[in-house]
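K.L.:
Contents of data.txt (compact mmCIF, C-alpha atoms and all ligand atoms) are below:
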```txt
# COMPACT_ATOMS: atom_id res chain seq x y z
CA MET A 596 16.39 -55.30 -8.27
CA THR A 597 15.91 -54.33 -11.89
CA ASP A 598 15.31 -56.85 -14.58
CA GLN A 599 14.42 -56.74 -18.26
CA THR A 600 10.77 -57.85 -18.34
CA THR A 601 9.57 -59.87 -21.33
CA VAL A 602 5.85 -60.33 -22.02
CA ARG A 603 5.11 -63.50 -24.01
CA PRO A 604 1.90 -65.18 -25.07
CA ALA A 605 1.58 -68.34 -22.97
CA THR A 606 2.55 -70.84 -25.67
CA THR A 607 3.90 -74.30 -24.83
CA GLU A 608 7.40 -73.07 -25.57
CA ALA A 609 7.03 -69.95 -23.40
CA ILE A 610 5.70 -72.05 -20.52
CA THR A 611 8.67 -74.44 -20.80
CA ASP A 612 11.04 -71.45 -20.66
CA ALA A 613 9.10 -70.03 -17.72
CA GLY A 614 9.52 -73.31 -15.82
CA GLN A 615 13.25 -73.11 -16.43
CA LEU A 616 13.36 -69.49 -15.19
CA LEU A 617 11.52 -70.51 -12.00
CA ARG A 618 13.97 -73.36 -11.40
CA ALA A 619 16.80 -70.83 -11.82
CA GLY A 620 15.36 -68.69 -9.02
CA ARG A 621 13.78 -66.00 -11.25
CA LEU A 622 10.34 -64.41 -10.97
CA VAL A 623 7.58 -65.18 -13.48
CA ALA A 624 4.08 -63.65 -13.52
CA PHE A 625 1.40 -66.03 -14.75
CA PRO A 626 -2.38 -66.14 -15.11
CA THR A 627 -4.58 -68.12 -12.77
CA GLU A 628 -8.38 -68.22 -12.82
CA THR A 629 -8.45 -65.74 -9.90
CA VAL A 630 -5.83 -63.05 -10.63
CA TYR A 631 -2.30 -62.97 -12.09
CA GLY A 632 0.26 -64.41 -9.67
CA LEU A 633 3.90 -63.42 -9.16
CA GLY A 634 5.60 -66.79 -8.99
CA ALA A 635 8.88 -68.00 -7.50
CA ASP A 636 10.30 -71.40 -6.58
CA ALA A 637 8.73 -71.94 -3.14
CA THR A 638 11.74 -74.02 -2.02
CA ASP A 639 14.28 -71.26 -2.76
CA ASP A 640 14.76 -68.64 0.00
CA ARG A 641 16.38 -66.11 -2.33
CA ALA A 642 13.67 -66.46 -4.96
CA VAL A 643 10.91 -66.01 -2.36
CA ALA A 644 12.72 -62.98 -0.91
CA ALA A 645 12.81 -61.53 -4.44
CA ILE A 646 8.98 -61.60 -4.52
CA PHE A 647 8.84 -59.25 -1.52
CA ALA A 648 11.48 -57.01 -3.11
CA ALA A 649 9.68 -56.84 -6.48
CA LYS A 650 6.35 -56.03 -4.84
CA ASP A 651 8.05 -53.56 -2.48
CA ARG A 652 6.07 -55.09 0.37
CA PRO A 653 6.76 -53.40 3.70
CA ARG A 654 5.96 -56.64 5.56
CA PHE A 655 6.54 -60.35 5.19
CA ASN A 656 3.03 -61.72 4.90
CA PRO A 657 2.65 -65.41 4.20
CA LEU A 658 2.34 -66.44 0.56
CA ILE A 659 0.08 -68.97 -1.12
CA VAL A 660 2.00 -71.99 -2.39
CA HIS A 661 0.60 -73.24 -5.69
CA VAL A 662 0.62 -76.97 -6.40
CA SER A 663 -0.68 -79.21 -9.18
CA ASP A 664 -3.03 -81.28 -7.05
CA ALA A 665 -3.76 -82.76 -3.63
CA ARG A 666 -0.96 -85.29 -4.00
CA ALA A 667 1.59 -82.49 -4.38
CA ALA A 668 0.00 -80.59 -1.48
CA ARG A 669 0.38 -83.62 0.81
CA GLU A 670 4.16 -83.42 0.34
CA VAL A 671 4.33 -80.00 2.03
CA VAL A 672 1.42 -79.88 4.53
CA ASP A 673 -0.47 -82.28 6.81
CA PHE A 674 -3.60 -82.97 4.80
CA ASP A 675 -6.47 -84.00 7.08
CA GLU A 676 -9.92 -85.44 6.20
CA ARG A 677 -11.46 -81.96 5.83
CA ALA A 678 -8.68 -80.96 3.44
CA LYS A 679 -9.21 -84.16 1.44
CA ALA A 680 -12.93 -83.49 1.17
CA LEU A 681 -12.43 -79.87 0.11
CA ALA A 682 -9.71 -80.71 -2.41
CA ALA A 683 -11.87 -83.47 -3.89
CA ALA A 684 -14.79 -81.07 -4.26
CA PHE A 685 -13.09 -77.82 -5.31
CA TRP A 686 -9.57 -78.41 -6.64
CA PRO A 687 -8.41 -77.27 -9.01
CA GLY A 688 -10.17 -74.03 -8.14
CA PRO A 689 -10.26 -70.73 -6.23
CA LEU A 690 -9.91 -72.26 -2.75
CA THR A 691 -6.79 -71.91 -0.59
CA LEU A 692 -6.29 -74.18 2.41
CA VAL A 693 -4.10 -73.20 5.36
CA LEU A 694 -2.66 -76.35 6.93
CA PRO A 695 0.19 -77.35 9.27
CA ARG A 696 3.54 -77.21 7.55
CA ARG A 697 5.36 -80.53 7.30
CA PRO A 698 8.84 -80.53 8.87
CA ASP A 699 10.19 -82.14 5.69
CA SER A 700 8.31 -79.83 3.31
CA GLY A 701 11.49 -78.35 1.85
CA LEU A 702 9.66 -75.03 1.54
CA SER A 703 11.38 -71.73 2.26
CA LEU A 704 10.51 -70.50 5.77
CA LEU A 705 9.70 -67.15 4.16
CA VAL A 706 6.55 -68.52 2.47
CA SER A 707 5.12 -69.03 5.97
CA ALA A 708 6.45 -65.66 7.19
CA GLY A 709 7.23 -67.22 10.54
CA LEU A 710 4.01 -69.21 10.96
CA GLU A 711 3.88 -72.98 11.45
CA SER A 712 1.36 -73.24 8.61
CA VAL A 713 1.34 -73.06 4.82
CA ALA A 714 -1.43 -71.89 2.51
CA VAL A 715 -1.79 -74.22 -0.50
CA ARG A 716 -3.91 -74.05 -3.63
CA ALA A 717 -4.25 -75.95 -6.90
CA PRO A 718 -5.22 -73.32 -9.49
CA ASP A 719 -7.69 -74.06 -12.28
CA HIS A 720 -6.11 -72.38 -15.27
CA PRO A 721 -4.44 -74.30 -18.09
CA VAL A 722 -1.42 -71.97 -18.12
CA ALA A 723 -0.93 -72.12 -14.34
CA ARG A 724 -1.26 -75.91 -14.41
CA ALA A 725 1.19 -76.30 -17.28
CA LEU A 726 3.63 -73.95 -15.53
CA LEU A 727 3.48 -75.99 -12.30
CA GLU A 728 4.24 -79.10 -14.36
CA ALA A 729 7.15 -77.35 -16.08
CA ALA A 730 8.54 -75.96 -12.80
CA GLU A 731 8.47 -79.44 -11.20
CA ARG A 732 8.09 -77.87 -7.75
CA PRO A 733 5.64 -75.83 -5.68
CA VAL A 734 5.41 -72.19 -6.74
CA ALA A 735 4.87 -69.39 -4.20
CA ALA A 736 2.76 -66.63 -5.71
CA PRO A 737 1.01 -63.58 -4.27
CA SER A 738 -0.93 -61.34 -6.63
CA ALA A 739 1.34 -59.82 -9.29
CA ASN A 740 1.01 -56.17 -8.33
CA ALA A 741 3.15 -53.70 -6.44
CA SER A 742 2.24 -53.52 -2.76
CA GLY A 743 -0.89 -51.50 -2.07
CA ARG A 744 -2.22 -51.68 -5.65
CA ILE A 745 -5.19 -53.74 -6.74
CA SER A 746 -4.76 -57.26 -8.03
CA PRO A 747 -4.05 -57.60 -11.77
CA THR A 748 -6.41 -59.52 -14.03
CA THR A 749 -4.56 -58.95 -17.32
CA ALA A 750 -0.90 -59.19 -18.41
CA ALA A 751 -0.99 -55.44 -19.17
CA HIS A 752 -1.89 -54.68 -15.53
CA VAL A 753 1.10 -56.75 -14.43
CA ALA A 754 3.43 -54.95 -16.85
CA GLN A 755 2.24 -51.55 -15.59
CA SER A 756 2.84 -52.51 -11.98
CA LEU A 757 5.94 -54.72 -12.10
CA GLY A 758 7.58 -54.03 -15.49
CA GLY A 759 11.37 -53.81 -15.03
CA ARG A 760 11.24 -55.80 -11.78
CA ILE A 761 10.60 -59.37 -12.94
CA SER A 762 11.91 -61.67 -15.67
CA LEU A 763 8.83 -62.76 -17.54
CA ILE A 764 5.08 -62.21 -17.80
CA LEU A 765 3.11 -65.06 -19.38
CA ASP A 766 0.11 -63.54 -21.13
CA GLY A 767 -2.88 -65.88 -20.91
CA GLY A 768 -5.60 -63.30 -21.43
CA PRO A 769 -7.96 -61.91 -18.80
CA CYS A 770 -8.66 -63.91 -15.61
CA ARG A 771 -12.01 -65.69 -15.48
CA VAL A 772 -12.85 -65.19 -11.80
CA GLY A 773 -11.07 -61.88 -11.26
CA LEU A 774 -11.34 -62.20 -7.48
CA GLU A 775 -8.75 -63.67 -5.14
CA SER A 776 -9.20 -67.19 -3.80
CA THR A 777 -11.27 -68.00 -0.74
CA VAL A 778 -8.88 -68.78 2.14
CA VAL A 779 -9.91 -71.36 4.75
CA ASP A 780 -7.81 -72.10 7.85
CA LEU A 781 -7.86 -75.79 8.77
CA CYS A 782 -5.15 -75.66 11.45
CA GLY A 783 -7.49 -75.59 14.43
CA ASP A 784 -10.42 -77.77 15.42
CA ALA A 785 -12.91 -75.25 14.05
CA PRO A 786 -12.32 -74.35 10.40
CA ALA A 787 -12.30 -70.60 9.79
CA LEU A 788 -12.81 -68.34 6.82
CA LEU A 789 -9.72 -66.11 6.63
CA ARG A 790 -10.65 -64.36 3.39
CA PRO A 791 -13.83 -64.48 1.32
CA GLY A 792 -13.05 -64.94 -2.36
CA GLY A 793 -13.84 -66.63 -5.64
CA LEU A 794 -15.48 -69.72 -4.09
CA PRO A 795 -18.58 -68.92 -2.01
CA ALA A 796 -18.16 -69.74 1.68
CA GLU A 797 -21.53 -71.55 1.51
CA ALA A 798 -20.01 -74.08 -0.88
CA VAL A 799 -17.21 -74.78 1.61
CA GLU A 800 -19.73 -75.09 4.45
CA ALA A 801 -21.81 -77.54 2.45
CA ALA A 802 -18.75 -79.79 2.29
CA ILE A 803 -17.28 -79.52 5.81
CA GLY A 804 -19.81 -77.71 8.01
CA PRO A 805 -19.89 -74.18 9.46
CA LEU A 806 -16.93 -71.82 9.17
CA ALA A 807 -15.95 -69.27 11.79
CA PRO A 808 -16.26 -65.88 10.04
CA PRO A 809 -13.27 -63.70 9.03
CA GLY A 810 -11.69 -61.81 11.92
CA SER A 811 -13.39 -63.96 14.56
CA GLY A 812 -10.12 -64.03 16.47
CA PRO A 813 -11.36 -64.91 19.97
CA ALA A 814 -13.32 -67.88 18.64
CA ARG A 815 -10.14 -69.34 17.18
CA SER A 816 -8.03 -71.72 19.16
CA PRO A 817 -5.27 -69.69 20.77
CA GLY A 818 -2.82 -72.39 19.68
CA MET A 819 0.50 -71.79 18.00
CA GLN A 820 -0.67 -72.22 14.43
CA SER A 821 -1.93 -68.77 13.69
CA ARG A 822 0.45 -66.92 15.97
CA HIS A 823 3.56 -65.49 14.38
CA TYR A 824 6.88 -66.99 15.28
CA ALA A 825 8.23 -65.45 18.46
CA PRO A 826 11.70 -66.53 19.52
CA ARG A 827 12.20 -67.96 23.00
CA LEU A 828 15.17 -65.65 23.65
CA PRO A 829 14.91 -61.88 24.03
CA LEU A 830 15.90 -59.93 20.91
CA ARG A 831 17.85 -56.68 21.18
CA LEU A 832 17.77 -54.59 18.01
CA ASN A 833 20.25 -52.04 16.59
CA ALA A 834 23.03 -53.62 18.61
CA SER A 835 26.62 -52.79 17.78
CA ALA A 836 28.16 -55.59 19.85
CA PRO A 837 26.91 -58.60 21.79
CA ARG A 838 26.66 -58.47 25.57
CA PRO A 839 27.99 -61.47 27.53
CA GLY A 840 25.92 -64.54 26.70
CA GLU A 841 24.24 -62.98 23.68
CA ALA A 842 24.53 -64.20 20.11
CA LEU A 843 25.09 -61.47 17.52
CA LEU A 844 23.09 -61.64 14.32
CA GLY A 845 25.11 -59.41 12.02
CA PHE A 846 24.46 -57.56 8.83
CA GLY A 847 27.16 -56.32 6.45
CA ARG A 848 30.90 -56.18 6.67
CA ASP A 849 31.16 -53.90 9.73
CA SER A 850 29.52 -56.46 11.95
CA GLN A 851 32.15 -57.67 14.41
CA GLU A 852 32.05 -60.96 16.31
CA THR A 853 28.91 -62.13 14.54
CA THR A 854 27.53 -65.53 15.49
CA LYS A 855 25.69 -65.50 12.16
CA ASN A 856 25.57 -62.85 9.46
CA LEU A 857 22.33 -62.18 7.56
CA SER A 858 24.42 -60.92 4.66
CA ALA A 859 28.15 -60.21 4.87
CA SER A 860 27.90 -58.16 1.67
CA GLY A 861 25.02 -56.07 3.04
CA ASN A 862 22.52 -57.46 0.51
CA LEU A 863 18.95 -57.06 1.83
CA GLU A 864 17.52 -59.85 -0.35
CA GLU A 865 20.09 -62.27 0.99
CA ALA A 866 19.30 -61.06 4.51
CA ALA A 867 15.57 -61.61 4.00
CA ALA A 868 16.24 -65.09 2.66
CA ASN A 869 18.29 -65.95 5.77
CA LEU A 870 16.22 -64.19 8.41
CA PHE A 871 13.81 -66.85 9.70
CA ALA A 872 16.25 -69.75 9.54
CA MET A 873 19.04 -67.82 11.30
CA VAL A 874 16.83 -66.49 14.10
CA ARG A 875 15.52 -70.02 14.68
CA ASP A 876 19.05 -71.43 14.79
CA LEU A 877 20.28 -68.81 17.26
CA ASP A 878 17.18 -69.29 19.38
CA THR A 879 18.13 -72.91 20.05
CA GLY A 880 21.88 -72.40 20.32
CA GLY A 881 22.46 -72.04 24.06
CA HIS A 882 22.66 -68.24 24.20
CA THR A 883 20.88 -65.95 26.67
CA GLY A 884 19.67 -63.46 24.08
CA ILE A 885 20.00 -62.40 20.45
CA ALA A 886 21.52 -59.03 19.60
CA VAL A 887 20.77 -57.88 16.06
CA ALA A 888 22.96 -55.44 14.14
CA PRO A 889 21.27 -52.37 12.58
CA ILE A 890 19.48 -53.07 9.27
CA PRO A 891 18.86 -50.13 6.93
CA GLU A 892 15.20 -49.06 6.75
CA THR A 893 15.08 -49.16 2.92
CA GLY A 894 13.60 -51.65 0.42
CA LEU A 895 13.38 -55.12 1.96
CA GLY A 896 15.03 -53.70 5.09
CA ARG A 897 11.62 -52.32 6.11
CA ALA A 898 10.04 -55.78 6.07
CA ILE A 899 13.03 -57.27 7.89
CA ASN A 900 12.88 -54.58 10.60
CA ASP A 901 9.10 -54.93 10.89
CA ARG A 902 9.50 -58.63 11.54
CA LEU A 903 12.39 -58.14 13.97
CA ARG A 904 10.44 -55.52 15.94
CA ARG A 905 7.50 -57.96 16.24
CA ALA A 906 9.82 -60.76 17.29
CA ALA A 907 11.44 -58.45 19.87
CA THR A 908 8.05 -57.88 21.53
CA ARG A 909 7.42 -60.64 24.03
CA PRO A 910 4.16 -62.48 23.23
CA ASP A 911 2.70 -61.80 26.70
CA THR A 912 3.18 -58.03 26.29
CA GLU A 913 1.81 -57.97 22.77
CA GLY A 914 -1.64 -56.51 22.33
CA ASP A 915 -2.05 -57.17 18.68
CA ASP A 916 -1.38 -60.25 16.57
CA THR A 917 0.13 -60.01 13.09
CA ARG A 918 -2.55 -62.13 11.53
P1 LIG B 1 -2.11 -62.76 -1.63
O1 LIG B 1 -0.78 -62.34 -1.08
O2 LIG B 1 -2.86 -61.63 -2.25
O3 LIG B 1 -2.00 -63.95 -2.49
O4 LIG B 1 -2.97 -63.21 -0.36
C1 LIG B 1 -2.64 -64.36 0.36
C2 LIG B 1 -3.65 -64.57 1.45
O5 LIG B 1 -3.47 -65.82 2.06
C3 LIG B 1 -3.55 -63.52 2.53
O6 LIG B 1 -4.84 -63.19 2.98
C4 LIG B 1 -2.73 -64.25 3.58
O7 LIG B 1 -2.91 -63.71 4.86
C5 LIG B 1 -3.28 -65.67 3.46
N1 LIG B 1 -2.29 -66.65 3.89
C6 LIG B 1 -1.25 -67.12 3.20
N2 LIG B 1 -0.53 -68.00 3.94
C7 LIG B 1 -1.14 -68.09 5.12
C8 LIG B 1 -0.88 -68.82 6.31
N3 LIG B 1 0.17 -69.65 6.43
N4 LIG B 1 -1.71 -68.65 7.34
C9 LIG B 1 -2.76 -67.83 7.24
N5 LIG B 1 -3.06 -67.10 6.14
C10 LIG B 1 -2.26 -67.23 5.09
MG MG B 2 -2.69 -59.16 -3.20
```
Output the structure of this file as structure tokens.

P.N.:
Amino acid sequence: MTDQTTVRPATTEAITDAGQLLRAGRLVAFPTETVYGLGADATDDRAVAAIFAAKDRPRFNPLIVHVSDARAAREVVDFDERAKALAAAFWPGPLTLVLPRRPDSGLSLLVSAGLESVAVRAPDHPVARALLEAAERPVAAPSANASGRISPTTAAHVAQSLGGRISLILDGGPCRVGLESTVVDLCGDAPALLRPGGLPAEAVEAAIGPLAPPGSGPARSPGMQSRHYAPRLPLRLNASAPRPGEALLGFGRDSQETTKNLSASGNLEEAAANLFAMVRDLDTGGHTGIAVAPIPETGLGRAINDRLRRAATRPDTEGDDTR
């Protein structure tokens, strides 16, 4: 998607306009104390899909959902005692908490990229905070750089990387921390450090006790939380027609006899926006399998196919987890 990108100093007026753009489903880059984020309305599937398209990400990885404070976080995730203690000590600040997603969160399934959890953070930057107020909703935001490039800490970095792909860049000067947030997983019994970052892990441990170190997979509970969503039914990819008993998840106009169509017009952003919800629906619909029409391996199609290939691999035959 191409877009005319405007760079504006983050004045009150520009932030108000940015909030309106977010509510209209557009992408806005904004400063946080860690790095610049590429923001979209976290409740809007199409807007979240547009983040992956603008970054040219080859995979759907889960996104951090930015909120004003712990009260706003509690509307989208189950906030336990450890989360309360950490939020009281370090929010707003460079600490992201991964918590169970509430069924009534209203968040796009794409922000979780198929997981049952959501990463939430209240950023400590006056522009980010004012933007969250103006948007009046949670804002999904990965770092505002094209996939594979380093995270941007100035508006100029964002313009170099994403100019022409997003609506607006709010310029709030250089980022104070310049490192991504520390990510702590609170879904299991034992809290785990998923990513070291701007808040020292020692500070987190002082508040809630020891953290399992990054990549300590076997020590983690093998529960559902950190495993990617695998459908119950077998998935058959590149299918031209359903076999008896199968549902057909179509793509584009040529798809015949589709049970659901990811995008009748063949639009990959629309398909990405529909992917998780449609697979979940078909999985519970009384079929014996899900046949999926071919999806082109270009742009967002790569991330869609990556996810479908993972979902087509039965969990018990899978050697490697996505996370
Ligand atoms: P970035 O895209 O640069 O903002 O990085 C986001 C980080 O948060 C990545 O390390 C993600 O893997 C992690 N993350 C986001 N959401 C989740 C989640 N639901 N579960 C586990 N990790 C998450
Ligand atoms: Mg990044």

K.L.:
Could you give me the residues within 6 Å of ligand MG 2 (chain B), counting all atoms listed in the file, as a count of residues only?

P.N.:
3

K.L.:
Could the residues of chain A that have an atom at most 7 Å from ligand LIG 1 (chain B) be listed as a tab-separated table, each with its closest atom pair and the distance in Å to one decimal, counting all atoms listed in the file and ordered by chain and ascending residue number?

P.N.:
```
residue	atom	partner	partner_atom	distance
A:Asn656	CA	B:LIG1	O7	6.3
A:Pro657	CA	B:LIG1	N2	4.1
A:Leu658	CA	B:LIG1	C6	4.5
A:Ile659	CA	B:LIG1	C6	4.9
A:Val693	CA	B:LIG1	N4	5.5
A:Ser707	CA	B:LIG1	N3	5.0
A:Leu710	CA	B:LIG1	N3	6.0
A:Ser712	CA	B:LIG1	N3	4.4
A:Val713	CA	B:LIG1	N3	3.9
A:Ala714	CA	B:LIG1	N2	4.2
A:Ala736	CA	B:LIG1	O3	6.3
A:Pro737	CA	B:LIG1	O3	3.5
A:Ser738	CA	B:LIG1	O2	4.8
A:Glu775	CA	B:LIG1	O2	6.9
A:Val778	CA	B:LIG1	O5	6.2
A:Asp780	CA	B:LIG1	C9	6.6
A:Leu789	CA	B:LIG1	N5	6.8
A:Arg790	CA	B:LIG1	O6	5.9
A:Ser821	CA	B:LIG1	N4	6.4
A:Arg918	CA	B:LIG1	O7	6.9
```

K.L.:
Residues near Ala665 (chain A), anyone? I mean within 12 Å using all atoms listed in the file, not counting same-chain ones fewer than 6 positions away, as a PyMOL selection string.

P.N.:
chain A and resi 671-676+678-688+691-692+715-718+733

K.L.:
Write to file, as a compact mmCIF listing (two decimals), in the frame of the given file, the residues of the selection just made, with C-alpha atoms.

P.N.:
```txt
# COMPACT_ATOMS: atom_id res chain seq x y z
CA VAL A 671 4.33 -80.00 2.03
CA VAL A 672 1.42 -79.88 4.53
CA ASP A 673 -0.47 -82.28 6.81
CA PHE A 674 -3.60 -82.97 4.80
CA ASP A 675 -6.47 -84.00 7.08
CA GLU A 676 -9.92 -85.44 6.20
CA ALA A 678 -8.68 -80.96 3.44
CA LYS A 679 -9.21 -84.16 1.44
CA ALA A 680 -12.93 -83.49 1.17
CA LEU A 681 -12.43 -79.87 0.11
CA ALA A 682 -9.71 -80.71 -2.41
CA ALA A 683 -11.87 -83.47 -3.89
CA ALA A 684 -14.79 -81.07 -4.26
CA PHE A 685 -13.09 -77.82 -5.31
CA TRP A 686 -9.57 -78.41 -6.64
CA PRO A 687 -8.41 -77.27 -9.01
CA GLY A 688 -10.17 -74.03 -8.14
CA THR A 691 -6.79 -71.91 -0.59
CA LEU A 692 -6.29 -74.18 2.41
CA VAL A 715 -1.79 -74.22 -0.50
CA ARG A 716 -3.91 -74.05 -3.63
CA ALA A 717 -4.25 -75.95 -6.90
CA PRO A 718 -5.22 -73.32 -9.49
CA PRO A 733 5.64 -75.83 -5.68
```

K.L.:
What does the distance between CA of Ala754 (chain A) and CA of Ala642 (chain A) come to in Å, to one decimal place?

P.N.:
19.5 Å

K.L.:
Find the distance between CA of Gly620 (chain A) and CA of Glu892 (chain A) and write it in Å to one decimal.

P.N.:
25.2 Å

K.L.:
If we count all atoms listed in the file, what is near Ala735 (chain A) at a cut-off of 9 Å, once residues fewer than 2 positions away on the same chain are taken out, given as an mmCIF file with C-alpha atoms, keeping the file's coordinate frame?

P.N.:
```cif
data_model
loop_
_atom_site.group_PDB
_atom_site.id
_atom_site.type_symbol
_atom_site.label_atom_id
_atom_site.label_comp_id
_atom_site.auth_asym_id
_atom_site.auth_seq_id
_atom_site.Cartn_x
_atom_site.Cartn_y
_atom_site.Cartn_z
ATOM 1 C CA GLY A 632 0.260 -64.410 -9.670
ATOM 2 C CA LEU A 633 3.900 -63.420 -9.160
ATOM 3 C CA GLY A 634 5.600 -66.790 -8.990
ATOM 4 C CA ALA A 635 8.880 -68.000 -7.500
ATOM 5 C CA ASP A 636 10.300 -71.400 -6.580
ATOM 6 C CA ALA A 637 8.730 -71.940 -3.140
ATOM 7 C CA THR A 638 11.740 -74.020 -2.020
ATOM 8 C CA VAL A 643 10.910 -66.010 -2.360
ATOM 9 C CA ILE A 646 8.980 -61.600 -4.520
ATOM 10 C CA LEU A 658 2.340 -66.440 0.560
ATOM 11 C CA ILE A 659 0.080 -68.970 -1.120
ATOM 12 C CA VAL A 660 2.000 -71.990 -2.390
ATOM 13 C CA HIS A 661 0.600 -73.240 -5.690
ATOM 14 C CA VAL A 662 0.620 -76.970 -6.400
ATOM 15 C CA VAL A 706 6.550 -68.520 2.470
ATOM 16 C CA PRO A 733 5.640 -75.830 -5.680
ATOM 17 C CA PRO A 737 1.010 -63.580 -4.270
#
```

K.L.:
Kindly indicate which residue among A:Gln599, A:Ser742, A:Thr629, A:Gln755 lies nearest to Leu794 (chain A), using all atoms listed in the file for the distances.

P.N.:
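Checking each candidate against Leu794 (chain A), we get A:Thr629 as the closest.
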
K.L.:
Which residues are near Glu608 (chain A)? Cut-off 12 Å, all atoms listed in the file, ignore same chain within fewer than 5 positions. Put them as a PyMOL selection string.

P.N.:
chain A and resi 603+613-615+722+725-726+729+765

K.L.:
Could you state the separation of CA of Thr908 (chain A) and CA of Asp640 (chain A) in Å, given to one decimal place?

P.N.:
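Separation between CA of Thr908 (chain A) and CA of Asp640 (chain A): 25.0 Å.
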
K.L.:
Given the choices A:Arg618, A:Lys650, A:Thr606, A:Ile745, which gets closest to Gly759 (chain A) if the distance is worked out from all atoms listed in the file?

P.N.:
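Of A:Arg618, A:Lys650, A:Thr606, A:Ile745, the one nearest Gly759 (chain A), counting all atoms listed in the file, is A:Lys650.
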
K.L.:
Can you tell me, as a PDB file with C-alpha atoms, keeping the file's coordinate frame, what residues are no more than 12 Å from Glu797 (chain A) when counting only C-alpha atoms, ignoring any on the same chain fewer than 5 positions away?

P.N.:
```pdb
ATOM      1  CA  THR A 777     -11.270 -68.000  -0.740  1.00  0.00           C
ATOM      2  CA  LEU A 788     -12.810 -68.340   6.820  1.00  0.00           C
ATOM      3  CA  PRO A 791     -13.830 -64.480   1.320  1.00  0.00           C
ATOM      4  CA  GLY A 792     -13.050 -64.940  -2.360  1.00  0.00           C
ATOM      5  CA  ALA A 802     -18.750 -79.790   2.290  1.00  0.00           C
ATOM      6  CA  ILE A 803     -17.280 -79.520   5.810  1.00  0.00           C
ATOM      7  CA  GLY A 804     -19.810 -77.710   8.010  1.00  0.00           C
ATOM      8  CA  PRO A 805     -19.890 -74.180   9.460  1.00  0.00           C
ATOM      9  CA  LEU A 806     -16.930 -71.820   9.170  1.00  0.00           C
ATOM     10  CA  ALA A 807     -15.950 -69.270  11.790  1.00  0.00           C
ATOM     11  CA  PRO A 808     -16.260 -65.880  10.040  1.00  0.00           C
TER      12      PRO A 808
END
```

K.L.:
Please complete region 740-750 of chain A so it has N, CA, C and O atoms, and hand it over as a PDB file, in the frame of the given file.

P.N.:
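For reference, part-v1.pdb as written:
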```pdb
ATOM      1  N   ASN A 740       1.099 -57.630  -8.311  1.00  0.00           N
ATOM      2  CA  ASN A 740       1.010 -56.170  -8.330  1.00  0.00           C
ATOM      3  C   ASN A 740       1.952 -55.615  -7.280  1.00  0.00           C
ATOM      4  O   ASN A 740       2.306 -56.310  -6.329  1.00  0.00           O
ATOM      5  N   ALA A 741       2.356 -54.356  -7.464  1.00  0.00           N
ATOM      6  CA  ALA A 741       3.150 -53.700  -6.440  1.00  0.00           C
ATOM      7  C   ALA A 741       2.288 -53.575  -5.188  1.00  0.00           C
ATOM      8  O   ALA A 741       1.050 -53.517  -5.273  1.00  0.00           O
ATOM      9  N   SER A 742       2.949 -53.565  -4.034  1.00  0.00           N
ATOM     10  CA  SER A 742       2.240 -53.520  -2.760  1.00  0.00           C
ATOM     11  C   SER A 742       1.279 -52.328  -2.719  1.00  0.00           C
ATOM     12  O   SER A 742       1.614 -51.232  -3.148  1.00  0.00           O
ATOM     13  N   GLY A 743       0.076 -52.580  -2.229  1.00  0.00           N
ATOM     14  CA  GLY A 743      -0.890 -51.500  -2.070  1.00  0.00           C
ATOM     15  C   GLY A 743      -1.727 -51.224  -3.309  1.00  0.00           C
ATOM     16  O   GLY A 743      -2.661 -50.433  -3.263  1.00  0.00           O
ATOM     17  N   ARG A 744      -1.425 -51.855  -4.434  1.00  0.00           N
ATOM     18  CA  ARG A 744      -2.220 -51.680  -5.650  1.00  0.00           C
ATOM     19  C   ARG A 744      -3.191 -52.840  -5.782  1.00  0.00           C
ATOM     20  O   ARG A 744      -3.020 -53.869  -5.139  1.00  0.00           O
ATOM     21  N   ILE A 745      -4.209 -52.661  -6.635  1.00  0.00           N
ATOM     22  CA  ILE A 745      -5.190 -53.740  -6.740  1.00  0.00           C
ATOM     23  C   ILE A 745      -4.647 -54.892  -7.587  1.00  0.00           C
ATOM     24  O   ILE A 745      -3.714 -54.741  -8.375  1.00  0.00           O
ATOM     25  N   SER A 746      -5.252 -56.054  -7.382  1.00  0.00           N
ATOM     26  CA  SER A 746      -4.760 -57.260  -8.030  1.00  0.00           C
ATOM     27  C   SER A 746      -4.969 -57.203  -9.539  1.00  0.00           C
ATOM     28  O   SER A 746      -6.003 -56.747 -10.004  1.00  0.00           O
ATOM     29  N   PRO A 747      -3.981 -57.665 -10.309  1.00  0.00           N
ATOM     30  CA  PRO A 747      -4.050 -57.600 -11.770  1.00  0.00           C
ATOM     31  C   PRO A 747      -4.828 -58.752 -12.379  1.00  0.00           C
ATOM     32  O   PRO A 747      -4.652 -59.900 -11.990  1.00  0.00           O
ATOM     33  N   THR A 748      -5.670 -58.454 -13.344  1.00  0.00           N
ATOM     34  CA  THR A 748      -6.410 -59.520 -14.030  1.00  0.00           C
ATOM     35  C   THR A 748      -6.060 -59.591 -15.522  1.00  0.00           C
ATOM     36  O   THR A 748      -6.669 -60.371 -16.244  1.00  0.00           O
ATOM     37  N   THR A 749      -5.086 -58.792 -15.956  1.00  0.00           N
ATOM     38  CA  THR A 749      -4.560 -58.950 -17.320  1.00  0.00           C
ATOM     39  C   THR A 749      -3.033 -58.810 -17.270  1.00  0.00           C
ATOM     40  O   THR A 749      -2.484 -58.245 -16.314  1.00  0.00           O
ATOM     41  N   ALA A 750      -2.367 -59.299 -18.335  1.00  0.00           N
ATOM     42  CA  ALA A 750      -0.900 -59.190 -18.410  1.00  0.00           C
ATOM     43  C   ALA A 750      -0.488 -57.719 -18.465  1.00  0.00           C
ATOM     44  O   ALA A 750       0.564 -57.339 -17.929  1.00  0.00           O
TER      45      ALA A 750
END
```
